[in-house]
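J.: The structure under discussion is supplied below as structure tokens; questions concerning it will follow.
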Amino acid sequence: MTKRIAKTGLFVALAMIFSYIEALIPLNFGIPGVKLGIANIVVVAALYQLNIPEAAGISFLRILLMGILFGNIVSLAYSFSGGVLSFLGMVICKKLKLSVIGVSIVGGVLHNVGQLTAAAFILQSAAITYYFPVLLVSGLVTGFLIGIVSYRVNKSLDKLSQKHTDN
Amino acid sequence: MKMNKRDFIAIAVVLVLSAAGFLFLNTKHAQGSRVVITVGGSEYGTYPLASDKVIEIKSENGSNTVAIENGSVYMKDADCPDRYCVKQGRITDSGDSVICLPHKLVVEVCASDGENTIDAVAK
């Protein structure tokens, strides 16, 4: 139990660092909302290394803490909407036996869908659906890239925990 | 690296959805005639696309300058942090829009018959 709590805390801290690094990288694709989403590596890893409630807690805490530290109520609403939708989609896809890469792709796409939905609500306008197709494809590509990294991370973490149980 | 059949089904679904979206959004590309500016969901004003005009919009969120020039409209200036709206460039066709998300501002080009395709769907 203590080990689980320690691990969860570690994952939250990692996710926050990744969010922060993401914000530092001046990656500008010219379309608002398009980003790599490297913090999702941590959430995907948590889904496989820990269990669902812990992974959900990690995702939620990261969004909440980053929102409080660096964002505002509006940016928190975007992140939250994207985070919840993305997490639910990933849990379902994992249950449906998609691979890590598939799970990450669905997470990336649904994150964008969630943010776009939040933006449509905040703007009170459907004009923003113009970005919908572009953000679907961008979520697919970034989700794929993040999926490859998550796959490797999980492999290493599996090896690590194997070693620890042996000892 | 192992991907399975279900992964490819998920990818296919996303691609089909985005292709459908592209087609749906690009079917009606008629020259627009009116510029409708909306702030936070309520209409700020409607202007003819044919006559040049510079519109200053000040709301509690910040200020934007919209310019109508030679039958096209663009965000000339804005004091929002990301300035994506300024970078979006000129629009002329009905259904096109320039959006300033931090200021909750939408500049939309509409056809003369009143209803815009995207709005009609939303209602």
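Letters for chains follow the order of the structure tokens (A, B, ...), residue numbers begin at 1 for each chain, and ligand numbers begin at 1 in the order shown.
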Based on the backbone DSSP call, show me all residues of chain B assigned helix (DSSP H, G or I), as number ranges by chain.

T.: B: 5-26, 84-87, 117-122

J.: Just want the 9 Å neighbourhood of B:Glu69, counted on only C-alpha atoms, with same-chain residues fewer than 2 positions away dropped. Output as a count of residues only.

T.: 11

J.: Quick one: which residues from chain B are at most 8 Å off chain A, using only C-alpha atoms, as a tab-separated table (two decimals) with N, CA, C and O atoms, in the first residue's frame?

T.:
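Resulting contents of selection-v4.tsv:
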chain	number	residue	atom	x	y	z
B	1	MET	N	7.55	-3.72	-30.96
B	1	MET	CA	6.37	-2.84	-31.09
B	1	MET	C	5.21	-3.63	-31.67
B	1	MET	O	5.26	-4.05	-32.81
B	2	LYS	N	4.21	-3.86	-30.87
B	2	LYS	CA	3.11	-4.67	-31.39
B	2	LYS	C	1.81	-3.87	-31.43
B	2	LYS	O	1.34	-3.40	-30.41
B	3	MET	N	1.29	-3.74	-32.61
B	3	MET	CA	-0.04	-3.15	-32.73
B	3	MET	C	-0.97	-4.24	-33.22
B	3	MET	O	-0.58	-5.11	-33.98
B	4	ASN	N	-2.21	-4.20	-32.77
B	4	ASN	CA	-3.12	-5.26	-33.21
B	4	ASN	C	-4.23	-4.70	-34.09
B	4	ASN	O	-4.28	-3.51	-34.40
B	6	ARG	N	-7.33	-4.23	-33.55
B	6	ARG	CA	-8.22	-3.24	-32.91
B	6	ARG	C	-7.63	-1.84	-32.97
B	6	ARG	O	-8.35	-0.86	-33.09
B	7	ASP	N	-6.30	-1.76	-32.88
B	7	ASP	CA	-5.63	-0.45	-33.02
B	7	ASP	C	-5.94	0.16	-34.37
B	7	ASP	O	-6.27	1.34	-34.48
B	8	PHE	N	-5.83	-0.69	-35.40
B	8	PHE	CA	-6.06	-0.17	-36.76
B	8	PHE	C	-7.51	0.20	-36.98
B	8	PHE	O	-7.81	1.15	-37.72
B	10	ALA	N	-9.39	1.48	-34.62
B	10	ALA	CA	-9.49	2.80	-33.97
B	10	ALA	C	-8.93	3.90	-34.88
B	10	ALA	O	-9.54	4.96	-35.04
B	11	ILE	N	-7.77	3.61	-35.49
B	11	ILE	CA	-7.16	4.59	-36.40
B	11	ILE	C	-8.08	4.87	-37.58
B	11	ILE	O	-8.31	6.03	-37.95
B	14	VAL	N	-11.00	7.14	-36.64
B	14	VAL	CA	-10.58	8.54	-36.51
B	14	VAL	C	-10.40	9.18	-37.90
B	14	VAL	O	-10.87	10.29	-38.15
B	15	LEU	N	-9.74	8.43	-38.79
B	15	LEU	CA	-9.51	8.97	-40.13
B	15	LEU	C	-10.81	9.21	-40.89
B	15	LEU	O	-10.97	10.24	-41.55
B	17	LEU	N	-13.78	9.77	-39.57
B	17	LEU	CA	-14.46	10.91	-38.94
B	17	LEU	C	-13.87	12.24	-39.41
B	17	LEU	O	-14.60	13.18	-39.73
B	18	SER	N	-12.53	12.31	-39.46
B	18	SER	CA	-11.92	13.58	-39.85
B	18	SER	C	-12.14	13.85	-41.33
B	18	SER	O	-12.37	14.99	-41.73
B	19	ALA	N	-12.11	12.79	-42.16
B	19	ALA	CA	-12.39	12.97	-43.59
B	19	ALA	C	-13.82	13.47	-43.79
B	19	ALA	O	-14.07	14.40	-44.56
B	21	GLY	N	-15.52	15.12	-41.64
B	21	GLY	CA	-15.53	16.49	-41.16
B	21	GLY	C	-15.01	17.47	-42.20
B	21	GLY	O	-15.61	18.51	-42.46
B	22	PHE	N	-13.89	17.09	-42.83
B	22	PHE	CA	-13.31	17.94	-43.88
B	22	PHE	C	-14.32	18.16	-45.00
B	22	PHE	O	-14.53	19.29	-45.45
B	25	LEU	N	-17.33	20.36	-43.89
B	25	LEU	CA	-17.01	21.77	-43.70
B	25	LEU	C	-16.62	22.47	-44.99
B	25	LEU	O	-16.62	23.69	-45.07
B	39	VAL	N	-19.45	38.16	-29.30
B	39	VAL	CA	-18.60	38.14	-28.10
B	39	VAL	C	-19.33	37.35	-27.02
B	39	VAL	O	-20.44	37.70	-26.63
B	40	GLY	N	-18.71	36.27	-26.57
B	40	GLY	CA	-19.28	35.45	-25.50
B	40	GLY	C	-20.67	34.92	-25.83
B	40	GLY	O	-21.51	34.78	-24.95
B	41	GLY	N	-20.92	34.64	-27.10
B	41	GLY	CA	-22.17	34.03	-27.49
B	41	GLY	C	-23.25	35.02	-27.90
B	41	GLY	O	-24.22	34.65	-28.54
B	84	TYR	N	-3.34	34.15	-31.70
B	84	TYR	CA	-3.66	33.22	-32.79
B	84	TYR	C	-4.64	33.85	-33.77
B	84	TYR	O	-4.59	33.62	-34.97
B	95	GLY	N	-19.24	30.88	-43.73
B	95	GLY	CA	-18.92	29.75	-42.87
B	95	GLY	C	-17.52	29.84	-42.29
B	95	GLY	O	-17.22	29.20	-41.30
B	96	ASP	N	-16.66	30.64	-42.92
B	96	ASP	CA	-15.31	30.82	-42.38
B	96	ASP	C	-15.36	31.70	-41.14
B	96	ASP	O	-16.25	32.54	-41.00
B	97	SER	N	-14.39	31.51	-40.26
B	97	SER	CA	-14.39	32.34	-39.06
B	97	SER	C	-12.98	32.60	-38.56
B	97	SER	O	-12.07	31.83	-38.82
B	99	ILE	N	-11.31	33.23	-34.86
B	99	ILE	CA	-11.71	33.08	-33.47
B	99	ILE	C	-10.61	33.57	-32.55
B	99	ILE	O	-9.44	33.26	-32.74
B	101	LEU	N	-10.02	32.95	-28.93
B	101	LEU	CA	-10.53	32.16	-27.81
B	101	LEU	C	-10.41	32.86	-26.45
B	101	LEU	O	-11.36	32.88	-25.68
B	104	LYS	N	-13.12	35.25	-26.15
B	104	LYS	CA	-14.44	34.68	-26.48
B	104	LYS	C	-15.08	35.40	-27.66
B	104	LYS	O	-16.28	35.65	-27.68
B	105	LEU	N	-14.26	35.72	-28.65
B	105	LEU	CA	-14.75	36.51	-29.77
B	105	LEU	C	-14.71	35.71	-31.06
B	105	LEU	O	-13.72	35.04	-31.36
B	106	VAL	N	-15.81	35.74	-31.80
B	106	VAL	CA	-15.89	35.04	-33.07
B	106	VAL	C	-16.25	36.02	-34.18
B	106	VAL	O	-17.22	36.77	-34.06
B	108	GLU	N	-17.34	35.94	-37.97
B	108	GLU	CA	-17.81	34.93	-38.90
B	108	GLU	C	-18.32	35.59	-40.17
B	108	GLU	O	-18.97	36.63	-40.12
B	118	ILE	N	-23.08	26.30	-40.47
B	118	ILE	CA	-22.62	25.74	-39.19
B	118	ILE	C	-23.58	26.11	-38.07
B	118	ILE	O	-23.93	25.29	-37.25
B	119	ASP	N	-24.04	27.37	-38.07
B	119	ASP	CA	-24.97	27.80	-37.04
B	119	ASP	C	-26.26	27.02	-37.11
B	119	ASP	O	-26.83	26.65	-36.09
B	122	ALA	N	-25.90	23.91	-35.29
B	122	ALA	CA	-25.80	24.08	-33.85
B	122	ALA	C	-27.15	24.33	-33.21
B	122	ALA	O	-27.39	23.94	-32.08

J.: So that I can check the surroundings of B:Lys76, please list as a PDB file with C-alpha atoms, in the first residue's frame every protein, DNA and RNA residue that reaches within 7 Å of it, counting only C-alpha atoms and ignoring chain neighbours fewer than 3 positions away.

T.:
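See out-v6.pdb below for the written result:
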ATOM      1  CA  THR B  65      -9.441  45.259 -33.898  1.00  0.00           C
ATOM      2  CA  VAL B  66     -11.261  43.695 -36.816  1.00  0.00           C
ATOM      3  CA  ALA B  67     -10.705  45.093 -40.304  1.00  0.00           C
ATOM      4  CA  VAL B  86      -4.207  37.760 -35.728  1.00  0.00           C
TER       5      VAL B  86
END

J.: List every residue of stretch 33-106 of chain B that DSSP, applied to the backbone of this structure, assigns to strand (DSSP E), and report them as a PyMOL selection string.

T.: chain B and resi 34-39+42-48+53-59+62-69+72-78+97-100+105-106

J.: If I take atom CA of A:Ala46 and atom CA of A:Ile21, how far is one from the other in Å, to one decimal?

T.: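 The value is 19.1 Å.
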
J.: Leaving out A:Phe70 and any residue of its chain fewer than 5 positions from it, which residues lie within 12 Å of it when counting only C-alpha atoms, given as a PyMOL selection string?

T.: chain A and resi 16+19-20+23+62-65+75-76

J.: Go ahead and write the selection's residues with N, CA and C atoms as an mmCIF file, in the first residue's frame.

T.:
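Done, and the output landed in out-v5.cif:
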data_model
loop_
_atom_site.group_PDB
_atom_site.id
_atom_site.type_symbol
_atom_site.label_atom_id
_atom_site.label_comp_id
_atom_site.auth_asym_id
_atom_site.auth_seq_id
_atom_site.Cartn_x
_atom_site.Cartn_y
_atom_site.Cartn_z
ATOM 1 N N MET A 16 3.615 16.381 -13.778
ATOM 2 C CA MET A 16 3.696 17.840 -13.678
ATOM 3 C C MET A 16 4.953 18.359 -14.370
ATOM 4 N N SER A 19 4.392 18.249 -18.067
ATOM 5 C CA SER A 19 3.528 19.369 -18.490
ATOM 6 C C SER A 19 4.344 20.639 -18.597
ATOM 7 N N TYR A 20 5.211 20.815 -17.608
ATOM 8 C CA TYR A 20 6.020 22.027 -17.560
ATOM 9 C C TYR A 20 6.994 22.070 -18.739
ATOM 10 N N ALA A 23 5.282 22.994 -21.883
ATOM 11 C CA ALA A 23 5.023 24.430 -21.994
ATOM 12 C C ALA A 23 6.289 25.195 -22.389
ATOM 13 N N ARG A 62 -2.710 16.128 -11.703
ATOM 14 C CA ARG A 62 -1.810 16.888 -12.581
ATOM 15 C C ARG A 62 -2.537 18.109 -13.156
ATOM 16 N N ILE A 63 -3.744 17.861 -13.678
ATOM 17 C CA ILE A 63 -4.509 18.945 -14.303
ATOM 18 C C ILE A 63 -4.834 20.027 -13.271
ATOM 19 N N LEU A 64 -5.299 19.578 -12.112
ATOM 20 C CA LEU A 64 -5.690 20.526 -11.066
ATOM 21 C C LEU A 64 -4.489 21.355 -10.603
ATOM 22 N N LEU A 65 -3.369 20.672 -10.318
ATOM 23 C CA LEU A 65 -2.195 21.377 -9.788
ATOM 24 C C LEU A 65 -1.579 22.306 -10.830
ATOM 25 N N SER A 75 -8.424 27.943 -18.508
ATOM 26 C CA SER A 75 -7.508 26.917 -19.006
ATOM 27 C C SER A 75 -7.725 25.604 -18.255
ATOM 28 N N LEU A 76 -8.124 25.717 -16.996
ATOM 29 C CA LEU A 76 -8.439 24.536 -16.203
ATOM 30 C C LEU A 76 -9.643 23.796 -16.788
#

J.: For atom CA of A:Gly108 and atom CA of A:Met66, quote the distance in Å rounded to one decimal.

T.: 18.6 Å
